[in-house]
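Printed here is entry-v3.pdb (PDB, C-alpha atoms):
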ATOM      1  CA  MET Q   1     -13.525 -17.355 -17.852
ATOM      2  CA  THR Q   2     -16.511 -17.280 -15.540
ATOM      3  CA  GLN Q   3     -17.956 -14.061 -14.143
ATOM      4  CA  PRO Q   4     -16.384 -14.539 -10.661
ATOM      5  CA  GLU Q   5     -12.998 -15.117 -12.300
ATOM      6  CA  TYR Q   6     -13.291 -11.782 -14.111
ATOM      7  CA  ILE Q   7     -14.105 -10.099 -10.779
ATOM      8  CA  VAL Q   8     -11.136 -11.747  -9.052
ATOM      9  CA  ALA Q   9      -8.800 -10.656 -11.868
ATOM     10  CA  LEU Q  10      -9.905  -7.001 -11.674
ATOM     11  CA  LEU Q  11      -9.744  -6.844  -7.874
ATOM     12  CA  SER Q  12      -6.333  -8.513  -7.893
ATOM     13  CA  ILE Q  13      -5.071  -5.777 -10.216
ATOM     14  CA  ILE Q  14      -6.350  -3.098  -7.811
ATOM     15  CA  VAL Q  15      -4.633  -4.807  -4.860
ATOM     16  CA  GLY Q  16      -1.442  -5.073  -6.915
ATOM     17  CA  LEU Q  17      -1.553  -1.359  -7.702
ATOM     18  CA  GLY Q  18      -2.054  -0.507  -4.046
ATOM     19  CA  LEU Q  19       0.854  -2.666  -2.905
ATOM     20  CA  THR Q  20       3.004  -1.277  -5.721
ATOM     21  CA  ASP Q  21       2.233   2.273  -4.596
ATOM     22  CA  LEU Q  22       3.144   1.308  -1.036
ATOM     23  CA  ALA Q  23       6.406  -0.323  -2.128
ATOM     24  CA  GLN Q  24       7.294   2.655  -4.321
ATOM     25  CA  SER Q  25       6.742   5.005  -1.378
ATOM     26  CA  VAL Q  26       9.144   2.920   0.714
ATOM     27  CA  ARG Q  27      11.692   3.012  -2.120
ATOM     28  CA  GLU Q  28      11.462   6.799  -2.274
ATOM     29  CA  LEU Q  29      12.196   7.002   1.443
ATOM     30  CA  VAL Q  30      15.518   5.215   1.070
ATOM     31  CA  ARG Q  31      16.669   6.770  -2.199
ATOM     32  CA  PRO Q  32      19.946   8.668  -1.670
ATOM     33  CA  ARG Q  33      18.844  11.837  -3.463
ATOM     34  CA  ARG Q  34      16.770  13.033  -0.517
ATOM     35  CA  PRO Q  35      17.573  12.365   3.150
ATOM     36  CA  THR Q  36      14.834  11.080   5.448
ATOM     37  CA  ASN Q  37      14.155  11.727   9.114
ATOM     38  CA  TRP Q  38      12.712   8.357  10.099
ATOM     39  CA  HIS Q  39       9.856   7.688  12.496
ATOM     40  CA  TRP Q  40       8.347   4.340  13.379
ATOM     41  CA  LEU Q  41       4.644   5.303  13.455
ATOM     42  CA  PRO Q  42       4.057   5.807   9.701
ATOM     43  CA  LEU Q  43       6.129   2.693   8.982
ATOM     44  CA  LEU Q  44       3.991   0.686  11.405
ATOM     45  CA  TRP Q  45       0.810   1.879   9.687
ATOM     46  CA  ALA Q  46       2.314   1.088   6.288
ATOM     47  CA  ALA Q  47       2.917  -2.460   7.548
ATOM     48  CA  SER Q  48      -0.667  -2.611   8.863
ATOM     49  CA  THR Q  49      -1.971  -1.466   5.490
ATOM     50  CA  PHE Q  50       0.106  -4.121   3.727
ATOM     51  CA  LEU Q  51      -1.277  -6.861   5.992
ATOM     52  CA  LEU Q  52      -4.809  -5.579   5.481
ATOM     53  CA  ALA Q  53      -4.413  -5.665   1.701
ATOM     54  CA  VAL Q  54      -3.151  -9.236   1.828
ATOM     55  CA  GLN Q  55      -5.999 -10.260   4.117
ATOM     56  CA  LEU Q  56      -8.687  -8.644   1.986
ATOM     57  CA  TRP Q  57      -7.375 -10.214  -1.203
ATOM     58  CA  TRP Q  58      -7.141 -13.616   0.452
ATOM     59  CA  ASN Q  59     -10.705 -13.438   1.805
ATOM     60  CA  ALA Q  60     -12.079 -12.136  -1.483
ATOM     61  CA  PHE Q  61     -10.323 -14.880  -3.436
ATOM     62  CA  LEU Q  62     -12.091 -17.458  -1.308
ATOM     63  CA  SER Q  63     -15.530 -15.814  -1.208
ATOM     64  CA  ILE Q  64     -15.911 -14.423  -4.735
ATOM     65  CA  LYS Q  65     -15.850 -17.873  -6.344
ATOM     66  CA  ASP Q  66     -19.613 -18.094  -5.801
ATOM     67  CA  ALA Q  67     -20.323 -14.378  -6.227
ATOM     68  CA  THR Q  68     -22.771 -12.969  -8.734
ATOM     69  CA  ALA Q  69     -23.101  -9.610 -10.458
ATOM     70  CA  GLN Q  70     -24.885  -7.869  -7.561
ATOM     71  CA  PHE Q  71     -21.733  -8.193  -5.431
ATOM     72  CA  PHE Q  72     -19.460  -6.564  -8.007
ATOM     73  CA  PHE Q  73     -19.842  -2.911  -6.981
ATOM     74  CA  PRO Q  74     -19.582  -3.542  -3.200
ATOM     75  CA  TYR Q  75     -16.379  -5.490  -3.760
ATOM     76  CA  LEU Q  76     -15.053  -2.908  -6.222
ATOM     77  CA  THR Q  77     -15.761  -0.017  -3.836
ATOM     78  CA  SER Q  78     -13.993  -1.767  -0.979
ATOM     79  CA  PHE Q  79     -10.903  -2.481  -3.056
ATOM     80  CA  LEU Q  80     -10.732   1.080  -4.415
ATOM     81  CA  LEU Q  81     -10.850   2.428  -0.860
ATOM     82  CA  LEU Q  82      -8.088  -0.023   0.027
ATOM     83  CA  TYR Q  83      -5.988   1.361  -2.830
ATOM     84  CA  LEU Q  84      -6.486   4.927  -1.534
ATOM     85  CA  THR Q  85      -5.520   3.789   1.965
ATOM     86  CA  CYS Q  86      -2.265   2.399   0.541
ATOM     87  CA  ALA Q  87      -1.679   5.618  -1.409
ATOM     88  CA  PHE Q  88      -2.064   7.852   1.676
ATOM     89  CA  ALA Q  89       0.026   5.693   4.023
ATOM     90  CA  LEU Q  90       3.411   7.253   3.210
ATOM     91  CA  PRO Q  91       4.453  10.647   1.808
ATOM     92  CA  ASP Q  92       5.313  11.463  -1.783
ATOM     93  CA  PRO Q  93       8.962  12.406  -2.417
ATOM     94  CA  GLU Q  94       8.037  16.086  -2.891
ATOM     95  CA  TRP Q  95       6.139  16.356   0.401
ATOM     96  CA  GLU Q  96       7.170  19.211   2.713
ATOM     97  CA  ALA Q  97       6.124  19.876   6.271
ATOM     98  CA  PRO Q  98       3.039  22.116   6.468
ATOM     99  CA  ARG Q  99       3.432  25.594   7.870
ATOM    100  CA  LYS Q 100       1.971  25.685  11.392
ATOM    101  CA  ASP Q 101      -0.105  22.646  10.496
ATOM    102  CA  THR Q 102      -2.382  24.676   8.233
ATOM    103  CA  GLY Q 103      -2.170  22.081   5.514
ATOM    104  CA  GLU Q 104      -0.157  24.396   3.239
ATOM    105  CA  PRO Q 105       3.382  23.340   2.283
ATOM    106  CA  SER Q 106       6.246  25.414   3.551
ATOM    107  CA  VAL Q 107       7.606  27.838   0.937
ATOM    108  CA  ASP Q 108      10.001  29.870   3.062
ATOM    109  CA  SER Q 109      12.559  30.083   0.305
ATOM    110  CA  PRO Q 110      12.609  29.412  -3.439
ATOM    111  CA  ASP Q 111      14.375  26.492  -5.052
ATOM    112  CA  LEU Q 112      18.097  26.734  -5.478
ATOM    113  CA  PRO Q 113      19.382  27.960  -8.825
ATOM    114  CA  ALA Q 114      19.496  25.601 -11.767
ATOM    115  CA  GLY Q 115      22.655  24.253 -13.329
ATOM    116  CA  GLY Q 116      22.992  20.976 -11.483
ATOM    117  CA  ALA Q 117      22.143  22.258  -8.002
ATOM    118  CA  LEU Q 118      19.575  20.351  -5.982
ATOM    119  CA  SER Q 119      16.227  21.976  -5.247
ATOM    120  CA  ARG Q 120      15.116  22.779  -1.719
ATOM    121  CA  SER Q 121      12.754  19.793  -1.704
ATOM    122  CA  GLU Q 122      15.700  17.514  -2.497
ATOM    123  CA  THR Q 123      18.069  18.912   0.151
ATOM    124  CA  THR Q 124      15.538  19.284   2.991
ATOM    125  CA  PRO Q 125      15.062  15.985   4.861
ATOM    126  CA  LEU Q 126      11.699  14.293   4.467
ATOM    127  CA  ASP Q 127      10.341  14.350   8.015
ATOM    128  CA  LEU Q 128       8.171  11.271   8.613
ATOM    129  CA  GLU Q 129       7.115  12.446  12.055
ATOM    130  CA  ALA Q 130       5.888  15.787  10.734
ATOM    131  CA  PHE Q 131       4.117  13.995   7.886
ATOM    132  CA  TYR Q 132       2.391  11.486  10.149
ATOM    133  CA  PHE Q 133       1.132  14.029  12.702
ATOM    134  CA  SER Q 134       0.014  16.609  10.124
ATOM    135  CA  SER Q 135      -3.739  17.160  10.224
ATOM    136  CA  LEU Q 136      -4.047  16.673   6.457
ATOM    137  CA  HIS Q 137      -2.492  13.218   6.620
ATOM    138  CA  ARG Q 138      -4.557  12.175   9.636
ATOM    139  CA  ARG Q 139      -7.804  13.192   7.971
ATOM    140  CA  TRP Q 140      -7.143  11.508   4.633
ATOM    141  CA  TYR Q 141      -5.349   8.352   5.724
ATOM    142  CA  PHE Q 142      -7.462   7.411   8.703
ATOM    143  CA  GLY Q 143     -10.600   8.673   6.951
ATOM    144  CA  MET Q 144      -9.955   6.353   3.994
ATOM    145  CA  PHE Q 145      -9.086   3.548   6.403
ATOM    146  CA  ILE Q 146     -12.408   3.953   8.227
ATOM    147  CA  ALA Q 147     -14.373   4.164   4.964
ATOM    148  CA  PHE Q 148     -12.672   0.994   3.742
ATOM    149  CA  VAL Q 149     -13.365  -0.972   6.934
ATOM    150  CA  VAL Q 150     -17.005   0.119   7.095
ATOM    151  CA  THR Q 151     -17.678  -0.486   3.395
ATOM    152  CA  GLY Q 152     -15.918  -3.830   3.400
ATOM    153  CA  GLN Q 153     -17.711  -5.068   6.506
ATOM    154  CA  VAL Q 154     -21.158  -3.957   5.334
ATOM    155  CA  GLY Q 155     -20.579  -5.514   1.916
ATOM    156  CA  PHE Q 156     -19.261  -8.762   3.377
ATOM    157  CA  GLN Q 157     -22.106  -9.186   5.861
ATOM    158  CA  THR Q 158     -24.704  -8.279   3.231
ATOM    159  CA  ALA Q 159     -23.265 -10.846   0.849
ATOM    160  CA  ARG Q 160     -23.495 -13.497   3.560
ATOM    161  CA  VAL Q 161     -27.133 -12.689   4.313
ATOM    162  CA  LEU Q 162     -28.131 -12.651   0.647
ATOM    163  CA  GLY Q 163     -26.309 -15.931   0.181
ATOM    164  CA  GLY Q 164     -28.316 -17.589   2.951
ATOM    165  CA  GLY Q 165     -25.685 -17.264   5.670
ATOM    166  CA  GLU Q 166     -25.791 -15.570   9.052
ATOM    167  CA  ILE Q 167     -24.251 -12.327  10.230
ATOM    168  CA  ILE Q 168     -20.906 -12.833  11.965
ATOM    169  CA  GLU Q 169     -21.331 -10.787  15.130
ATOM    170  CA  ARG Q 170     -17.695 -11.165  16.166
ATOM    171  CA  ALA Q 171     -16.566  -9.546  12.902
ATOM    172  CA  PHE Q 172     -18.927  -6.619  13.485
ATOM    173  CA  LEU Q 173     -17.571  -6.184  17.015
ATOM    174  CA  THR Q 174     -13.913  -6.411  15.983
ATOM    175  CA  ASN Q 175     -14.299  -3.990  13.108
ATOM    176  CA  GLY Q 176     -16.369  -1.647  15.263
ATOM    177  CA  VAL Q 177     -13.525  -1.472  17.778
ATOM    178  CA  LEU Q 178     -11.035  -0.867  14.956
ATOM    179  CA  VAL Q 179     -13.133   1.969  13.521
ATOM    180  CA  ALA Q 180     -13.440   3.587  16.971
ATOM    181  CA  LEU Q 181      -9.669   3.427  17.462
ATOM    182  CA  LEU Q 182      -8.999   4.899  14.021
ATOM    183  CA  ALA Q 183     -11.510   7.698  14.594
ATOM    184  CA  ALA Q 184      -9.773   8.614  17.847
ATOM    185  CA  LEU Q 185      -6.527   9.318  15.939
ATOM    186  CA  ILE Q 186      -7.974  11.896  13.536
ATOM    187  CA  PRO Q 187      -8.569  14.891  15.850
ATOM    188  CA  THR Q 188      -5.381  14.660  17.940
ATOM    189  CA  ASP Q 189      -1.645  14.793  17.319
ATOM    190  CA  ARG Q 190      -0.691  13.614  20.803
ATOM    191  CA  TRP Q 191       2.083  11.035  20.652
ATOM    192  CA  TRP Q 192       0.855   9.214  23.744
ATOM    193  CA  VAL Q 193      -2.519   8.660  22.035
ATOM    194  CA  HIS Q 194      -1.160   7.496  18.692
ATOM    195  CA  ALA Q 195       1.565   5.154  19.968
ATOM    196  CA  PRO Q 196      -0.537   2.641  21.956
ATOM    197  CA  ILE Q 197      -3.468   2.711  19.517
ATOM    198  CA  SER Q 198      -1.142   2.160  16.550
ATOM    199  CA  VAL Q 199       0.510  -0.842  18.190
ATOM    200  CA  LEU Q 200      -2.877  -2.279  19.203
ATOM    201  CA  CYS Q 201      -4.290  -1.887  15.676
ATOM    202  CA  PHE Q 202      -1.191  -3.499  14.180
ATOM    203  CA  LEU Q 203      -1.560  -6.490  16.498
ATOM    204  CA  MET Q 204      -5.281  -6.761  15.698
ATOM    205  CA  ILE Q 205      -4.731  -6.622  11.935
ATOM    206  CA  GLY Q 206      -1.682  -8.881  12.041
ATOM    207  CA  GLY Q 207      -3.435 -11.484  14.169
ATOM    208  CA  SER Q 208      -6.529 -11.383  11.979
ATOM    209  CA  THR Q 209      -4.413 -11.777   8.824
ATOM    210  CA  ILE Q 210      -2.568 -14.780  10.207
ATOM    211  CA  ASN Q 211      -5.800 -16.399  11.394
ATOM    212  CA  ASN Q 212      -7.478 -15.910   8.017
ATOM    213  CA  ILE Q 213      -4.569 -17.199   5.937
ATOM    214  CA  LEU Q 214      -3.920 -20.197   8.195
ATOM    215  CA  GLY Q 215      -7.631 -20.944   8.415
ATOM    216  CA  LEU Q 216      -7.756 -20.518  12.182
ATOM    217  CA  ALA Q 217     -10.805 -18.208  12.043
TER     218      ALA Q 217
END

For the file at hand, write its structure as structure tokens.
Amino acid sequence: MTQPEYIVALLSIIVGLGLTDLAQSVRELVRPRRPTNWHWLPLLWAASTFLLAVQLWWNAFLSIKDATAQFFFPYLTSFLLLYLTCAFALPDPEWEAPRKDTGEPSVDSPDLPAGGALSRSETTPLDLEAFYFSSLHRRWYFGMFIAFVVTGQVGFQTARVLGGGEIIERAFLTNGVLVALLAALIPTDRWWVHAPISVLCFLMIGGSTINNILGLA
């Protein structure tokens, strides 16, 4: 195997782990042992994260074929941040709504007695709306998303320049708008702010993914 092929193999594993984590989180939401209060916003962002992972892997597969060792760590950093973005997209099965949005899980009552009885975390519905709008989730998920976009764009443009290409100004502009929209979601839990921005980001990422895969951009 050549050096680029080793890089592609490692990065593909990281993407696979991220998508597996995302799929496992979805499975945990529908498992019958714990009920779920559904909300469309975290599911929309999970879909956006999935599309972004597919797009990044597709672009990397095409561009890494001529890559050399100096591009390894930029690519690796971007893919690790992508994995963390996938990991923070949806809640773990044990997640409980924070108390007054302080970031601390609610512990109003102890678990039910043993002997076959379900614990409190298994009988209390998993509230996707409370999870999505919690300050802890907003900071980590959108923070990782921003770090991934910035790192990936800087690494991609640097690789083009070092390879004798030119900076793609449209990509800088598009990703700059995306970062600004993501940053606007971190400090607020207003539904009317999150809803339109989430839909717009999904359309941007979805359109970009389709264009890249079909070779339209």

Hey, could you pull the box centre and edge lengths for range 43-56 of chain Q, axis-aligned, 3 Å padding per side, all listed atoms, to one decimal in Å, as AutoDock Vina command-line options?
--center_x -1.3 --center_y -3.8 --center_z 6.6 --size_x 20.8 --size_y 19.0 --size_z 15.7

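Counting all atoms listed in the file, the residue from Q:Gly176, Q:Pro35, Q:Gly152, Q:Gly18 that sits nearest to Asp127 in chain Q is Q:Pro35.
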
Taken to one decimal, the CA of Leu56 in chain Q-CA of Tyr6 in chain Q distance is 17.0 Å

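Of the listed residues Q:Ala97, Q:Leu185, Q:Leu22, Q:Val15, the one whose atoms come nearest to Trp57 in chain Q is Q:Val15, with distances taken using all atoms listed in the file.
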
Just say which residues the PyMOL selection byres ((chain Q and resi 206) around 10) picks in this file, as a PyMOL selection string. chain Q and resi 47-52+55+200-205+207-212

Find the residues around range 79-81 of chain Q up to 8 Å (only C-alpha atoms counted), leave out those fewer than 5 positions away in its own chain, and share them as a compact mmCIF listing (two decimals) with C-alpha atoms, in the frame of the given file.
# COMPACT_ATOMS: atom_id res chain seq x y z
CA LEU Q 11 -9.74 -6.84 -7.87
CA ILE Q 14 -6.35 -3.10 -7.81
CA VAL Q 15 -4.63 -4.81 -4.86
CA MET Q 144 -9.96 6.35 3.99
CA PHE Q 145 -9.09 3.55 6.40
CA ALA Q 147 -14.37 4.16 4.96
CA PHE Q 148 -12.67 0.99 3.74

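Using all atoms listed in the file for every distance, the candidate list Q:Ile213, Q:Trp140, Q:Trp40, Q:Trp58 yields Q:Trp40 as the residue closest to Trp191 in chain Q.
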
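Residue selection for this entry, given the PyMOL selection byres ((chain Q and resi 131) around 10), comprises His39, Pro42, Leu90, Pro91, Trp95, Glu96, Ala97, Pro98, Asp101, Leu126, Asp127, Leu128, Glu129, Ala130, Tyr132, Phe133, Ser134, Ser135, Leu136, His137 and Arg138 of chain Q.
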
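Note that the spacing between CA of Leu76 in chain Q and CA of Asn175 in chain Q amounts to 19.4 Å.
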
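For the point (-6.8, 11.7, -0.1), the residues with an atom at a distance of at most 7 Å are Leu84, Phe88, Trp140 and Tyr141 of chain Q, counting all atoms listed in the file.
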
Could you save those same residues with C-alpha atoms as a PDB file, in the frame of the given file?
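What landed in out-v1.pdb:
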ATOM      1  CA  LEU Q  84      -6.486   4.927  -1.534  1.00  0.00           C
ATOM      2  CA  PHE Q  88      -2.064   7.852   1.676  1.00  0.00           C
ATOM      3  CA  TRP Q 140      -7.143  11.508   4.633  1.00  0.00           C
ATOM      4  CA  TYR Q 141      -5.349   8.352   5.724  1.00  0.00           C
TER       5      TYR Q 141
END

Excluding same-chain residues fewer than 5 positions from Arg31 in chain Q, what lies within 12 Å of it counting all atoms listed in the file, as a ChimeraX atom specification? /Q:24-26,36,93,122,125-126

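One finds CA of Leu19 in chain Q at 23.5 Å from CA of Ile197 in chain Q.
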
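Minimum distance to Leu10 in chain Q across Q:Trp192, Q:Phe72, Q:Arg170, Q:Ala23 (counting only C-alpha atoms) occurs at Q:Phe72.
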
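Comparing the minimum interatomic distances between Val149 in chain Q and each of Q:Asn37, Q:Thr77, Q:Ser198, Q:Thr188, counting all atoms listed in the file, we find that Q:Thr77 sits nearest.
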
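Using all atoms listed in the file, the smallest distance between any of Q:Ala171, Q:Phe142, Q:Leu44, Q:Thr85 and Val154 in chain Q comes from Q:Ala171.
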